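Structure file input.txt (compact mmCIF, C-alpha atoms) follows.
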```
# COMPACT_ATOMS: atom_id res chain seq x y z
CA MET A 29 -9.62 19.39 14.09
CA LEU A 30 -12.73 17.50 13.00
CA ASP A 31 -10.77 14.23 12.94
CA VAL A 32 -9.55 14.74 16.51
CA ALA A 33 -13.08 15.71 17.58
CA LEU A 34 -14.53 12.52 16.10
CA VAL A 35 -11.89 10.42 17.80
CA SER A 36 -12.59 12.09 21.12
CA LEU A 37 -16.16 10.79 20.79
CA ILE A 38 -15.06 7.17 20.41
CA GLN A 39 -14.44 6.53 24.09
CA ASP A 40 -17.76 8.03 25.04
CA MET A 41 -19.60 6.19 22.30
CA SER A 42 -17.95 2.87 23.13
CA GLU A 43 -18.94 3.24 26.76
CA LYS A 44 -22.55 4.06 25.86
CA ALA A 45 -23.17 1.96 22.76
CA GLY A 46 -20.43 -0.63 23.20
CA VAL A 47 -17.49 -1.12 20.84
CA GLU A 48 -19.92 -2.74 18.38
CA GLY A 49 -21.69 0.63 18.22
CA THR A 50 -18.42 2.36 17.34
CA ILE A 51 -17.73 -0.21 14.63
CA GLN A 52 -21.18 0.46 13.14
CA TYR A 53 -20.59 4.21 13.40
CA TRP A 54 -17.24 4.14 11.57
CA ALA A 55 -18.60 1.69 9.00
CA ARG A 56 -21.54 4.02 8.30
CA VAL A 57 -19.19 7.00 7.95
CA GLY A 58 -17.00 5.09 5.46
CA GLU A 59 -20.00 3.75 3.58
CA SER A 60 -21.69 7.13 3.32
CA LEU A 61 -18.51 8.76 1.99
CA ALA A 62 -18.04 6.08 -0.67
CA LYS A 63 -21.67 6.18 -1.80
CA ARG A 64 -21.65 9.94 -2.24
CA MET A 65 -18.48 9.97 -4.33
CA GLY A 66 -20.36 8.64 -7.33
CA LYS A 67 -19.75 6.02 -9.97
CA GLU A 68 -16.67 5.61 -12.14
CA ALA A 69 -16.11 3.59 -15.31
CA TYR A 70 -12.83 2.75 -17.02
CA MET A 71 -12.02 1.13 -20.37
CA GLY A 72 -9.45 -1.20 -18.85
CA TRP A 73 -6.89 -1.67 -16.09
CA PRO A 74 -4.31 0.71 -17.62
CA SER A 75 -6.79 3.62 -17.64
CA PHE A 76 -7.85 2.83 -14.07
CA ASN A 77 -4.22 2.68 -12.92
CA VAL A 78 -3.44 6.01 -14.60
CA ALA A 79 -6.51 7.60 -12.94
CA LEU A 80 -5.32 6.26 -9.62
CA ARG A 81 -1.82 7.64 -10.14
CA GLU A 82 -3.26 11.04 -11.03
CA GLY A 83 -5.53 11.04 -7.98
CA ARG A 84 -8.79 10.96 -9.97
CA THR A 85 -10.44 7.88 -8.50
CA ALA A 86 -12.35 7.75 -5.24
CA PHE A 87 -9.58 5.51 -3.84
CA SER A 88 -7.18 8.47 -4.12
CA ILE A 89 -8.85 10.44 -1.34
CA GLU A 90 -6.86 8.32 1.10
CA GLY A 91 -3.58 9.75 -0.20
CA SER A 92 -0.82 8.45 -2.43
CA VAL A 93 -1.72 4.97 -3.70
CA THR A 94 0.66 2.96 -5.88
CA ALA A 95 -0.55 0.35 -8.33
CA LEU A 96 1.94 -2.52 -7.99
CA THR A 97 1.70 -3.48 -11.63
CA ASP A 98 4.32 -6.21 -11.15
CA LEU A 99 1.74 -7.95 -8.97
CA ALA A 100 -1.06 -8.69 -11.40
CA ILE A 101 -3.75 -11.06 -10.21
CA THR A 102 -4.68 -13.67 -12.77
CA ASP A 103 -7.61 -16.06 -12.97
CA VAL A 104 -7.56 -19.77 -13.77
CA ASP A 105 -7.18 -18.97 -17.48
CA GLY A 106 -4.21 -16.72 -16.88
CA ASP A 107 -6.10 -13.51 -17.67
CA VAL A 108 -5.38 -10.41 -15.58
CA VAL A 109 -8.35 -9.82 -13.30
CA GLY A 110 -6.84 -7.34 -10.87
CA TYR A 111 -3.81 -5.78 -9.25
CA ILE A 112 -2.38 -5.15 -5.83
CA TYR A 113 -2.40 -1.57 -4.56
CA ALA A 114 -0.47 0.01 -1.73
CA LEU A 115 -1.23 3.11 0.30
CA GLU A 116 1.98 4.90 1.20
CA THR A 117 0.91 6.52 4.47
CA CYS A 118 -2.19 5.83 6.49
CA VAL A 119 -4.42 8.87 6.27
CA PHE A 120 -4.89 8.63 10.03
CA ASN A 121 -1.18 8.90 10.93
CA PRO A 122 -1.31 12.72 11.08
CA THR A 123 -4.52 12.42 13.12
CA ILE A 124 -2.80 10.16 15.64
CA VAL A 125 0.05 12.69 15.93
CA ARG A 126 -2.47 15.53 16.34
CA ILE A 127 -4.21 13.57 19.11
CA ARG A 128 -0.87 13.01 20.84
CA TYR A 129 -0.11 16.74 20.89
CA SER A 130 -3.61 18.03 21.66
CA VAL A 131 -5.60 15.52 23.69
CA GLY A 132 -2.68 13.44 24.92
CA GLU A 133 -3.36 9.84 23.92
CA LEU A 134 -5.67 7.74 21.80
CA PRO A 135 -8.80 6.70 23.67
CA ARG A 136 -8.60 3.26 25.28
CA ALA A 137 -11.49 2.26 23.05
CA ASP A 138 -9.15 2.40 20.04
CA SER A 139 -7.66 -1.03 20.63
CA ALA A 140 -10.94 -2.42 21.96
CA VAL A 141 -12.72 -1.46 18.73
CA ALA A 142 -9.97 -3.01 16.60
CA GLU A 143 -10.08 -6.22 18.67
CA GLU A 144 -13.84 -6.51 18.37
CA TYR A 145 -13.66 -5.90 14.61
CA ASN A 146 -11.00 -8.60 14.31
CA ASN A 147 -13.20 -11.04 16.21
CA SER A 148 -16.58 -10.23 14.74
CA VAL A 149 -15.96 -8.95 11.22
CA ARG A 150 -12.52 -9.80 9.84
CA ASP A 151 -9.08 -10.14 11.38
CA THR A 152 -7.57 -7.17 9.55
CA ALA A 153 -7.66 -4.16 11.88
CA VAL A 154 -4.65 -2.71 13.66
CA CYS A 155 -6.59 0.20 15.11
CA ASN A 156 -10.13 1.55 15.13
CA PHE A 157 -9.52 3.65 12.01
CA CYS A 158 -9.10 0.51 9.90
CA VAL A 159 -12.86 0.05 10.17
CA ILE A 160 -13.65 3.23 8.23
CA HIS A 161 -10.86 2.65 5.66
CA GLN A 162 -11.74 -0.91 4.86
CA ARG A 163 -15.48 -0.32 4.64
CA PHE A 164 -14.89 2.77 2.51
CA ARG A 165 -12.81 0.80 -0.01
CA GLU A 166 -15.30 -2.05 -0.20
CA GLU A 167 -18.07 0.41 -1.03
CA VAL A 168 -15.94 2.41 -3.48
CA ALA A 169 -15.14 -0.78 -5.40
CA LYS A 170 -18.87 -1.36 -5.88
CA ASN A 171 -19.13 2.01 -7.62
CA ILE A 172 -16.34 1.41 -10.11
CA SER A 173 -16.40 -0.71 -13.23
CA ILE A 174 -13.53 -1.68 -15.47
CA ALA A 175 -14.41 -2.91 -18.97
CA ASP A 176 -18.03 -2.99 -17.79
CA GLN A 177 -17.20 -5.39 -14.98
CA ALA A 178 -17.88 -4.65 -11.32
CA LEU A 179 -15.02 -4.71 -8.82
CA ASP A 180 -14.25 -6.04 -5.40
CA CYS A 181 -11.69 -4.70 -2.95
CA VAL A 182 -9.96 -7.20 -0.70
CA GLN A 183 -7.90 -6.14 2.31
CA LEU A 184 -4.51 -7.92 2.31
CA ALA A 185 -2.17 -6.35 4.86
CA ASN A 186 -1.65 -3.26 6.98
CA ARG A 187 0.80 -1.74 9.41
CA GLY A 188 -0.28 0.39 12.35
CA PHE A 189 1.22 3.55 13.81
CA THR A 190 3.15 1.57 16.41
CA GLY A 191 4.42 -0.99 13.91
CA ASP A 192 2.00 -3.84 14.53
CA THR A 193 0.88 -5.62 11.39
CA LYS A 194 -2.02 -7.70 10.09
CA ILE A 195 -1.67 -10.05 7.15
CA ALA A 196 -4.81 -11.59 5.68
CA GLU A 197 -3.28 -14.95 4.76
CA ASP A 198 -6.54 -16.51 3.53
CA ALA A 199 -7.14 -13.67 1.10
CA LEU A 200 -3.54 -13.87 -0.11
CA LYS A 201 -3.88 -17.60 -0.69
CA LYS A 202 -6.91 -17.04 -2.88
CA ILE A 203 -5.13 -14.58 -5.13
CA GLY A 204 -1.91 -16.60 -5.09
CA ILE A 205 0.46 -14.09 -3.48
CA ASN A 206 3.13 -15.13 -0.99
CA PRO A 207 2.41 -13.60 2.46
CA GLU A 208 6.14 -13.00 3.01
CA TYR A 209 6.26 -10.85 -0.10
CA VAL A 210 3.36 -8.75 1.15
CA ARG A 211 5.03 -8.51 4.57
CA SER A 212 8.06 -6.95 2.90
CA LEU A 213 5.77 -4.42 1.18
CA LEU A 214 4.72 -3.18 4.61
CA ARG A 215 8.23 -1.78 5.10
CA ASN A 216 7.38 0.85 2.50
CA TYR A 217 3.60 1.01 2.66
CA ALA A 218 0.96 1.32 5.37
CA CYS A 219 -1.84 -0.63 3.74
CA VAL A 220 -1.98 -3.20 0.94
CA TYR A 221 -5.17 -4.28 -0.82
CA ALA A 222 -6.29 -5.97 -4.01
CA ILE A 223 -8.78 -4.63 -6.50
CA LEU A 224 -10.16 -7.30 -8.75
CA MET A 225 -13.05 -8.20 -11.01
CA ARG A 226 -16.02 -9.40 -9.01
CA GLY A 227 -16.68 -13.09 -9.45
CA ALA A 228 -13.28 -13.80 -11.06
CA ARG A 229 -12.33 -17.48 -10.92
CA LEU A 230 -9.13 -17.32 -8.92
CA LYS A 231 -6.59 -20.14 -8.84
CA GLY A 232 -6.45 -20.23 -5.08
CA GLU A 233 -10.21 -20.48 -4.78
CA GLU A 234 -10.40 -23.29 -7.33
CA GLU A 235 -7.64 -25.21 -5.52
CA GLU A 236 -9.42 -24.71 -2.22
CA ALA A 237 -12.66 -26.01 -3.73
CA GLU A 238 -10.90 -29.10 -5.05
CA MET B 2 5.53 28.20 11.47
CA GLY B 3 7.47 24.95 12.10
CA GLU B 4 6.74 21.71 10.25
CA ARG B 5 5.37 20.04 13.36
CA ARG B 6 3.04 22.95 14.03
CA LYS B 7 1.86 22.84 10.40
CA GLY B 8 1.18 19.13 10.78
CA LEU B 9 -0.87 19.74 13.89
CA ILE B 10 -3.01 22.39 12.23
CA ALA B 11 -3.38 20.54 8.95
CA ASP B 12 -6.69 18.80 8.55
CA ASN B 13 -7.52 15.27 7.53
CA PRO B 14 -9.53 15.74 4.31
CA PHE B 15 -10.61 12.07 4.25
CA VAL B 16 -12.25 12.35 7.66
CA ASP B 17 -13.53 15.87 7.05
CA VAL B 18 -15.39 14.88 3.89
CA ALA B 19 -16.64 11.65 5.47
CA ALA B 20 -17.80 13.56 8.55
CA CYS B 21 -19.59 16.21 6.46
CA LEU B 22 -21.51 13.52 4.60
CA PHE B 23 -22.30 11.74 7.84
CA LEU B 24 -23.60 15.03 9.25
CA GLU B 25 -25.81 15.41 6.20
CA ASP B 26 -27.24 11.95 6.89
CA ILE B 27 -27.97 13.00 10.47
CA ALA B 28 -29.71 16.13 9.17
CA ASP B 29 -31.83 14.02 6.78
CA LYS B 30 -33.14 12.11 9.78
CA GLN B 31 -33.12 14.70 12.55
CA GLY B 32 -33.15 18.05 10.75
CA ALA B 33 -30.98 21.08 11.40
CA SER B 34 -31.56 20.93 15.16
CA GLY B 35 -30.33 17.31 15.37
CA MET B 36 -27.28 18.16 13.30
CA ASN B 37 -26.63 21.21 15.46
CA ASN B 38 -26.83 19.14 18.66
CA TYR B 39 -24.35 16.66 17.23
CA LEU B 40 -21.90 19.41 16.22
CA VAL B 41 -22.12 21.11 19.59
CA SER B 42 -21.56 17.88 21.51
CA LEU B 43 -18.69 16.93 19.19
CA ALA B 44 -16.87 20.20 19.84
CA THR B 45 -17.63 20.24 23.56
CA SER B 46 -16.46 16.68 23.97
CA LEU B 47 -13.19 17.52 22.20
CA ALA B 48 -12.54 20.51 24.45
CA LYS B 49 -13.32 18.49 27.58
CA SER B 50 -10.86 15.81 26.56
CA MET B 51 -8.02 18.34 26.49
CA PRO B 52 -5.95 19.33 29.55
CA GLU B 53 -6.86 22.39 31.62
CA GLU B 54 -4.51 25.37 31.64
CA GLU B 55 -3.45 28.03 34.15
CA TYR B 56 -1.43 31.16 33.45
CA ALA B 57 -0.04 33.63 35.96
CA THR B 58 -0.41 36.64 33.67
CA TRP B 59 -2.24 37.69 30.49
CA ASP B 60 1.12 37.98 28.70
CA ASP B 61 1.97 34.37 29.57
CA PHE B 62 -1.35 33.30 28.05
CA LEU B 63 -0.81 35.37 24.88
CA ASP B 64 2.65 33.89 24.47
CA SER B 65 1.24 30.35 24.73
CA LEU B 66 -1.64 31.23 22.38
CA VAL B 67 0.47 32.49 19.49
CA LYS B 68 2.98 29.65 19.86
CA GLY B 69 0.11 27.18 19.51
CA GLU B 70 0.78 25.71 22.94
CA SER B 71 -2.62 26.61 24.35
CA ILE B 72 -5.56 24.29 23.71
CA ILE B 73 -7.37 27.28 22.15
CA SER B 74 -4.85 27.46 19.32
CA ALA B 75 -4.11 23.72 19.08
CA PHE B 76 -5.95 23.41 15.75
CA GLU B 77 -5.55 26.84 14.21
CA ASP B 78 -2.91 29.42 13.46
CA VAL B 79 -3.67 32.39 15.70
CA ILE B 80 -2.13 35.84 15.72
CA THR B 81 -3.02 38.73 18.02
CA VAL B 82 -3.51 42.24 16.70
CA THR B 83 -4.03 43.68 20.19
CA PRO B 84 -3.69 41.93 23.57
CA HIS B 85 -7.42 41.16 23.45
CA CYS B 86 -8.08 40.62 19.76
CA ALA B 87 -7.19 37.24 18.29
CA VAL B 88 -7.25 36.41 14.59
CA THR B 89 -7.37 32.95 13.01
CA THR B 90 -5.37 33.28 9.83
CA GLU B 91 -6.90 30.33 7.99
CA CYS B 92 -9.99 28.25 8.69
CA PRO B 93 -8.85 24.76 9.78
CA PHE B 94 -11.59 23.22 7.61
CA THR B 95 -10.41 24.77 4.34
CA LYS B 96 -8.61 21.66 3.12
CA GLY B 97 -11.59 19.43 3.90
CA TRP B 98 -14.00 21.82 2.17
CA LEU B 99 -11.79 22.00 -0.92
CA GLU B 100 -11.66 18.21 -1.00
CA TYR B 101 -15.46 18.10 -0.64
CA THR B 102 -15.98 20.48 -3.57
CA LYS B 103 -13.52 18.45 -5.64
CA ARG B 104 -14.87 14.99 -4.82
CA ILE B 105 -18.55 15.51 -4.01
CA GLY B 106 -19.65 18.86 -5.45
CA THR B 107 -21.26 21.97 -4.01
CA PHE B 108 -21.34 22.09 -0.22
CA SER B 109 -24.80 20.87 0.79
CA LYS B 110 -27.24 23.62 1.78
CA ILE B 111 -27.85 21.92 5.12
CA HIS B 112 -24.43 23.16 6.28
CA THR B 113 -25.65 26.78 6.03
CA ASP B 114 -29.16 25.93 7.24
CA VAL B 115 -27.75 24.50 10.45
CA ALA B 116 -25.70 27.67 10.92
CA GLU B 117 -28.87 29.75 10.63
CA TYR B 118 -30.43 27.52 13.26
CA TYR B 119 -27.39 27.98 15.52
CA ASN B 120 -27.39 31.74 14.95
CA SER B 121 -31.03 32.02 15.98
CA VAL B 122 -30.84 29.68 18.98
CA TYR B 123 -27.31 30.28 20.34
CA LYS B 124 -25.20 33.21 19.12
CA PRO B 125 -25.33 34.87 15.72
CA GLY B 126 -21.78 34.29 14.44
CA THR B 127 -21.63 31.24 12.22
CA ILE B 128 -21.60 30.85 8.45
CA ASN B 129 -21.87 27.08 8.22
CA SER B 130 -21.59 23.85 10.20
CA MET B 131 -17.81 24.11 10.44
CA CYS B 132 -18.10 27.45 12.27
CA ILE B 133 -20.38 25.77 14.82
CA ILE B 134 -17.69 23.22 15.67
CA HIS B 135 -14.97 25.85 15.69
CA GLN B 136 -16.77 28.44 17.80
CA THR B 137 -18.27 25.93 20.22
CA PHE B 138 -14.85 24.38 20.69
CA ARG B 139 -13.25 27.75 21.41
CA ASN B 140 -15.88 28.64 24.01
CA ALA B 141 -15.67 25.24 25.68
CA ALA B 142 -11.85 25.31 25.62
CA ALA B 143 -11.85 28.83 27.14
CA GLU B 144 -13.72 27.46 30.15
CA ARG B 145 -10.70 25.23 30.80
CA ILE B 146 -8.25 28.14 30.88
CA LYS B 147 -7.56 30.32 33.91
CA ILE B 148 -5.52 33.49 33.76
CA ALA B 149 -4.51 34.97 37.12
CA GLY B 150 -7.22 32.81 38.66
CA LYS B 151 -9.99 33.99 36.31
CA ILE B 152 -11.69 31.95 33.61
CA LEU B 153 -11.05 33.07 30.03
CA LYS B 154 -14.03 34.35 28.04
CA ILE B 155 -14.29 34.48 24.28
CA SER B 156 -16.68 36.35 22.00
CA GLN B 157 -16.94 35.91 18.27
CA VAL B 158 -16.61 39.15 16.27
CA ALA B 159 -16.54 38.07 12.64
CA ALA B 160 -15.85 35.17 10.31
CA VAL B 161 -15.14 34.85 6.59
CA TRP B 162 -15.60 31.59 4.69
CA GLU B 163 -13.45 30.47 1.78
CA ASP B 164 -16.01 31.71 -0.78
CA GLY B 165 -15.94 35.20 0.76
CA THR B 166 -19.18 34.92 2.76
CA ARG B 167 -18.93 37.06 5.88
CA LYS B 168 -20.72 36.91 9.18
CA ILE B 169 -20.20 39.84 11.49
CA ALA B 170 -21.74 40.09 14.96
CA PRO B 171 -25.10 41.97 15.13
CA ASP B 172 -24.81 45.76 14.68
CA GLU B 173 -25.74 46.49 18.29
CA TRP B 174 -22.96 44.20 19.56
CA VAL B 175 -20.20 45.44 17.26
CA PRO B 176 -19.23 48.66 19.13
CA ILE B 177 -18.94 46.75 22.43
CA LEU B 178 -16.91 43.94 20.87
CA LEU B 179 -14.62 46.35 19.01
CA GLU B 180 -14.00 48.27 22.22
CA LYS B 181 -13.08 45.06 24.05
CA ALA B 182 -10.89 44.05 21.10
CA GLN B 183 -9.26 47.51 21.02
CA ILE B 184 -9.71 47.82 17.27
CA THR B 185 -11.83 50.05 15.01
CA GLY B 186 -14.39 49.04 12.38
CA THR B 187 -11.85 49.89 9.69
CA ASP B 188 -9.28 47.65 11.41
CA LEU B 189 -11.84 44.84 11.40
CA ASN B 190 -12.49 45.14 7.67
CA MET B 191 -8.76 45.21 6.98
CA ILE B 192 -8.25 42.06 9.07
CA LEU B 193 -11.11 40.26 7.33
CA ARG B 194 -9.54 40.79 3.91
CA ASN B 195 -6.94 38.10 4.41
CA ASN B 196 -7.87 36.16 7.53
CA ALA B 197 -10.64 33.78 8.57
CA ASP B 198 -11.89 34.66 12.01
CA VAL B 199 -11.73 37.53 14.52
CA TRP B 200 -12.51 37.00 18.20
CA VAL B 201 -12.17 38.83 21.48
CA MET B 202 -10.55 37.39 24.61
CA TYR B 203 -11.06 38.74 28.10
CA THR B 204 -11.59 37.82 31.74
CA GLU B 205 -14.23 39.20 34.10
```

Go ahead and express the file in the form of structure tokens.
Amino acid sequence: MLDVALVSLIQDMSEKAGVEGTIQYWARVGESLAKRMGKEAYMGWPSFNVALREGRTAFSIEGSVTALTDLAITDVDGDVVGYIYALETCVFNPTIVRIRYSVGELPRADSAVAEEYNNSVRDTAVCNFCVIHQRFREEVAKNISIADQALDCVQLANRGFTGDTKIAEDALKKIGINPEYVRSLLRNYACVYAILMRGARLKGEEEEAE
Amino acid sequence: MGERRKGLIADNPFVDVAACLFLEDIADKQGASGMNNYLVSLATSLAKSMPEEEYATWDDFLDSLVKGESIISAFEDVITVTPHCAVTTECPFTKGWLEYTKRIGTFSKIHTDVAEYYNSVYKPGTINSMCIIHQTFRNAAAERIKIAGKILKISQVAAVWEDGTRKIAPDEWVPILLEKAQITGTDLNMILRNNADVWVMYTE
């Protein structure tokens, strides 16, 4: 109910404060949630991945997340500095269905907010809810350390309720993953992101710099 | 209850927890009254965004209510113990609250403080911030429902939160509400043992 109520405010808010205002609102909601969930520390990637599987990390609040351990991210020295993670179902899918059967349709501002986010922040949103998700994960990553190293979360790909997709090709290039492979992951997953050591020297970045 | 109905009632714990924390931020800046205003406008805005309803008879309305087809019962499982007494079997915010206690900790005191504010300024019937949304929504949704040409009215009788905290209407109101609901005080206590909310429905 609260989710549908918040969404019903979006149209109103976008008309009064502009779609930029809605982006700031969702970003603040995501940021506030992440900050209040507290810090986490893990010995290494295996313990983090187990915690994720068992739903103990802050990332797990979004639902079932799979660590794609076959997709390790390595740095220029070949050391593992991160992994790719996939969210099975977008946490907002049930909300969208609830809106359909209670209010009738998503507010028009939904696509306007996503479009503005894609133009002004990063081209990775398929709907307005992506704003809260993506900001939430970025902030959560800041609160988690693995082997005493801080983390970053990088959005890679996502699929919306109606099937439209976004693939962050630049980010994929940096971590050396083929966009077509990630596209195929979207058949089974709603959202794909990377969690990696902050400041890791990635092959793609080095090549780009050269 | 069908799977689709369950899905419609089910809450989104991610958004619920995020919204609760956001509300706490609002309260830090604007106090309980600011938080209350936000909750009331949130619930009113939701009700206004939903379609209006008209029923030829009270029985038609009751049928729609218990099937979850009415906007009043869109987000909660409602049963009727008499034609004028409705009972919400489970608070729609339970899942979100459980997620909050698991991920964040004890529910912040501001959620009960704002309810005290609401009880003193509006109507004395809420236990915490979630009740404000719920009860405001019901009242605003009722204004969008006509039965035999008359607008539906709703009055809160009692609520029980997940931790067992109860809030029953003021003593001087209870006999009137129970009479409208066509139940006794004993009935009310029996209902409260394993349900979340009791409210009266009528037209004038």

Check your understanding: Quick one: of B:Gly69, B:Pro176, B:Pro14, B:Gly35, who's nearest to Asp31 in chain A, counting only C-alpha atoms?
Key ->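 Closest candidate: B:Pro14.
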
Exercise for review: Could you check which of A:Val119, A:Leu179, A:Val149, A:Ile101 is closest to Ile203 in chain A, using all atoms listed in the file?
Suggested key: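 Of A:Val119, A:Leu179, A:Val149, A:Ile101, the one nearest Ile203 in chain A, counting all atoms listed in the file, is A:Ile101.
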
Point to revise | Residue contacts of Asn140 in chain B (9 Å, all atoms listed in the file) excluding same-chain residues fewer than 2 positions away, as a list of chain:residue names | key: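 Within the cut-off, the hits are B:Thr45, B:Ala48, B:Ile73, B:His135, B:Gln136, B:Thr137, B:Phe138, B:Ala142, B:Ala143, B:Glu144, B:Leu153, B:Lys154, B:Ile155, B:Ser156.
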
Would you give me, as JSON lines, each residue of chain B having an atom within 9 Å of an atom of chain A, along with its shortest atom pair and that distance in Å to one decimal, using all atoms listed in the file and sorting by chain and residue number?
```
{"residue": "B:Gly8", "atom": "CA", "partner": "A:Pro122", "partner_atom": "CA", "distance": 6.9}
{"residue": "B:Leu9", "atom": "CA", "partner": "A:Arg126", "partner_atom": "CA", "distance": 5.1}
{"residue": "B:Ile10", "atom": "CA", "partner": "A:Met29", "partner_atom": "CA", "distance": 7.5}
{"residue": "B:Ala11", "atom": "CA", "partner": "A:Met29", "partner_atom": "CA", "distance": 8.2}
{"residue": "B:Asp12", "atom": "CA", "partner": "A:Met29", "partner_atom": "CA", "distance": 6.3}
{"residue": "B:Asn13", "atom": "CA", "partner": "A:Asp31", "partner_atom": "CA", "distance": 6.4}
{"residue": "B:Pro14", "atom": "CA", "partner": "A:Ile89", "partner_atom": "CA", "distance": 7.8}
{"residue": "B:Phe15", "atom": "CA", "partner": "A:Ile89", "partner_atom": "CA", "distance": 6.1}
{"residue": "B:Val16", "atom": "CA", "partner": "A:Asp31", "partner_atom": "CA", "distance": 5.8}
{"residue": "B:Asp17", "atom": "CA", "partner": "A:Leu30", "partner_atom": "CA", "distance": 6.2}
{"residue": "B:Val18", "atom": "CA", "partner": "A:Leu61", "partner_atom": "CA", "distance": 7.1}
{"residue": "B:Ala19", "atom": "CA", "partner": "A:Leu61", "partner_atom": "CA", "distance": 4.9}
{"residue": "B:Ala20", "atom": "CA", "partner": "A:Val57", "partner_atom": "CA", "distance": 6.7}
{"residue": "B:Cys21", "atom": "CA", "partner": "A:Leu61", "partner_atom": "CA", "distance": 8.8}
{"residue": "B:Leu22", "atom": "CA", "partner": "A:Leu61", "partner_atom": "CA", "distance": 6.2}
{"residue": "B:Phe23", "atom": "CA", "partner": "A:Val57", "partner_atom": "CA", "distance": 5.7}
{"residue": "B:Asp26", "atom": "CA", "partner": "A:Ser60", "partner_atom": "CA", "distance": 8.2}
{"residue": "B:Ser42", "atom": "CA", "partner": "A:Leu37", "partner_atom": "CA", "distance": 8.9}
{"residue": "B:Leu43", "atom": "CA", "partner": "A:Ala33", "partner_atom": "CA", "distance": 6.0}
{"residue": "B:Ala44", "atom": "CA", "partner": "A:Ala33", "partner_atom": "CA", "distance": 6.3}
{"residue": "B:Thr45", "atom": "CA", "partner": "A:Ala33", "partner_atom": "CA", "distance": 8.8}
{"residue": "B:Ser46", "atom": "CA", "partner": "A:Ser36", "partner_atom": "CA", "distance": 6.6}
{"residue": "B:Leu47", "atom": "CA", "partner": "A:Ala33", "partner_atom": "CA", "distance": 5.0}
{"residue": "B:Ala48", "atom": "CA", "partner": "A:Ala33", "partner_atom": "CA", "distance": 8.4}
{"residue": "B:Ser50", "atom": "CA", "partner": "A:Val131", "partner_atom": "CA", "distance": 6.0}
{"residue": "B:Met51", "atom": "CA", "partner": "A:Val131", "partner_atom": "CA", "distance": 4.7}
{"residue": "B:Pro52", "atom": "CA", "partner": "A:Val131", "partner_atom": "CA", "distance": 7.0}
{"residue": "B:Glu70", "atom": "CA", "partner": "A:Ser130", "partner_atom": "CA", "distance": 8.9}
{"residue": "B:Ile72", "atom": "CA", "partner": "A:Ser130", "partner_atom": "CA", "distance": 6.9}
{"residue": "B:Ala75", "atom": "CA", "partner": "A:Ser130", "partner_atom": "CA", "distance": 6.3}
{"residue": "B:Phe76", "atom": "CA", "partner": "A:Met29", "partner_atom": "CA", "distance": 5.7}
{"residue": "B:Glu77", "atom": "CA", "partner": "A:Met29", "partner_atom": "CA", "distance": 8.5}
{"residue": "B:Pro93", "atom": "CA", "partner": "A:Met29", "partner_atom": "CA", "distance": 6.9}
{"residue": "B:Phe94", "atom": "CA", "partner": "A:Met29", "partner_atom": "CA", "distance": 7.8}
{"residue": "B:Glu100", "atom": "CA", "partner": "A:Ile89", "partner_atom": "CA", "distance": 8.3}
{"residue": "B:Arg104", "atom": "CA", "partner": "A:Met65", "partner_atom": "CA", "distance": 6.2}
{"residue": "B:Ile105", "atom": "CA", "partner": "A:Met65", "partner_atom": "CA", "distance": 5.5}
{"residue": "B:Met131", "atom": "CA", "partner": "A:Leu30", "partner_atom": "CA", "distance": 8.7}
{"residue": "B:Ile134", "atom": "CA", "partner": "A:Leu30", "partner_atom": "CA", "distance": 8.0}
{"residue": "B:His135", "atom": "CA", "partner": "A:Met29", "partner_atom": "CA", "distance": 8.5}
```

Restricted to C-alpha atoms, what would the selected residues look like written as a CSV table (one decimal), in the frame of the given file?
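File selection26.csv, as written:
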```
chain,number,residue,atom,x,y,z
B,8,GLY,CA,1.2,19.1,10.8
B,9,LEU,CA,-0.9,19.7,13.9
B,10,ILE,CA,-3.0,22.4,12.2
B,11,ALA,CA,-3.4,20.5,9.0
B,12,ASP,CA,-6.7,18.8,8.6
B,13,ASN,CA,-7.5,15.3,7.5
B,14,PRO,CA,-9.5,15.7,4.3
B,15,PHE,CA,-10.6,12.1,4.2
B,16,VAL,CA,-12.2,12.4,7.7
B,17,ASP,CA,-13.5,15.9,7.0
B,18,VAL,CA,-15.4,14.9,3.9
B,19,ALA,CA,-16.6,11.6,5.5
B,20,ALA,CA,-17.8,13.6,8.6
B,21,CYS,CA,-19.6,16.2,6.5
B,22,LEU,CA,-21.5,13.5,4.6
B,23,PHE,CA,-22.3,11.7,7.8
B,26,ASP,CA,-27.2,12.0,6.9
B,42,SER,CA,-21.6,17.9,21.5
B,43,LEU,CA,-18.7,16.9,19.2
B,44,ALA,CA,-16.9,20.2,19.8
B,45,THR,CA,-17.6,20.2,23.6
B,46,SER,CA,-16.5,16.7,24.0
B,47,LEU,CA,-13.2,17.5,22.2
B,48,ALA,CA,-12.5,20.5,24.4
B,50,SER,CA,-10.9,15.8,26.6
B,51,MET,CA,-8.0,18.3,26.5
B,52,PRO,CA,-6.0,19.3,29.6
B,70,GLU,CA,0.8,25.7,22.9
B,72,ILE,CA,-5.6,24.3,23.7
B,75,ALA,CA,-4.1,23.7,19.1
B,76,PHE,CA,-6.0,23.4,15.8
B,77,GLU,CA,-5.6,26.8,14.2
B,93,PRO,CA,-8.8,24.8,9.8
B,94,PHE,CA,-11.6,23.2,7.6
B,100,GLU,CA,-11.7,18.2,-1.0
B,104,ARG,CA,-14.9,15.0,-4.8
B,105,ILE,CA,-18.6,15.5,-4.0
B,131,MET,CA,-17.8,24.1,10.4
B,134,ILE,CA,-17.7,23.2,15.7
B,135,HIS,CA,-15.0,25.8,15.7
```

Practice item. Using CA of Gln183 in chain B and CA of Trp59 in chain B as the two end points, give the distance in Å to one decimal. Key: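 Going from CA of Gln183 in chain B over to CA of Trp59 in chain B covers 15.3 Å.
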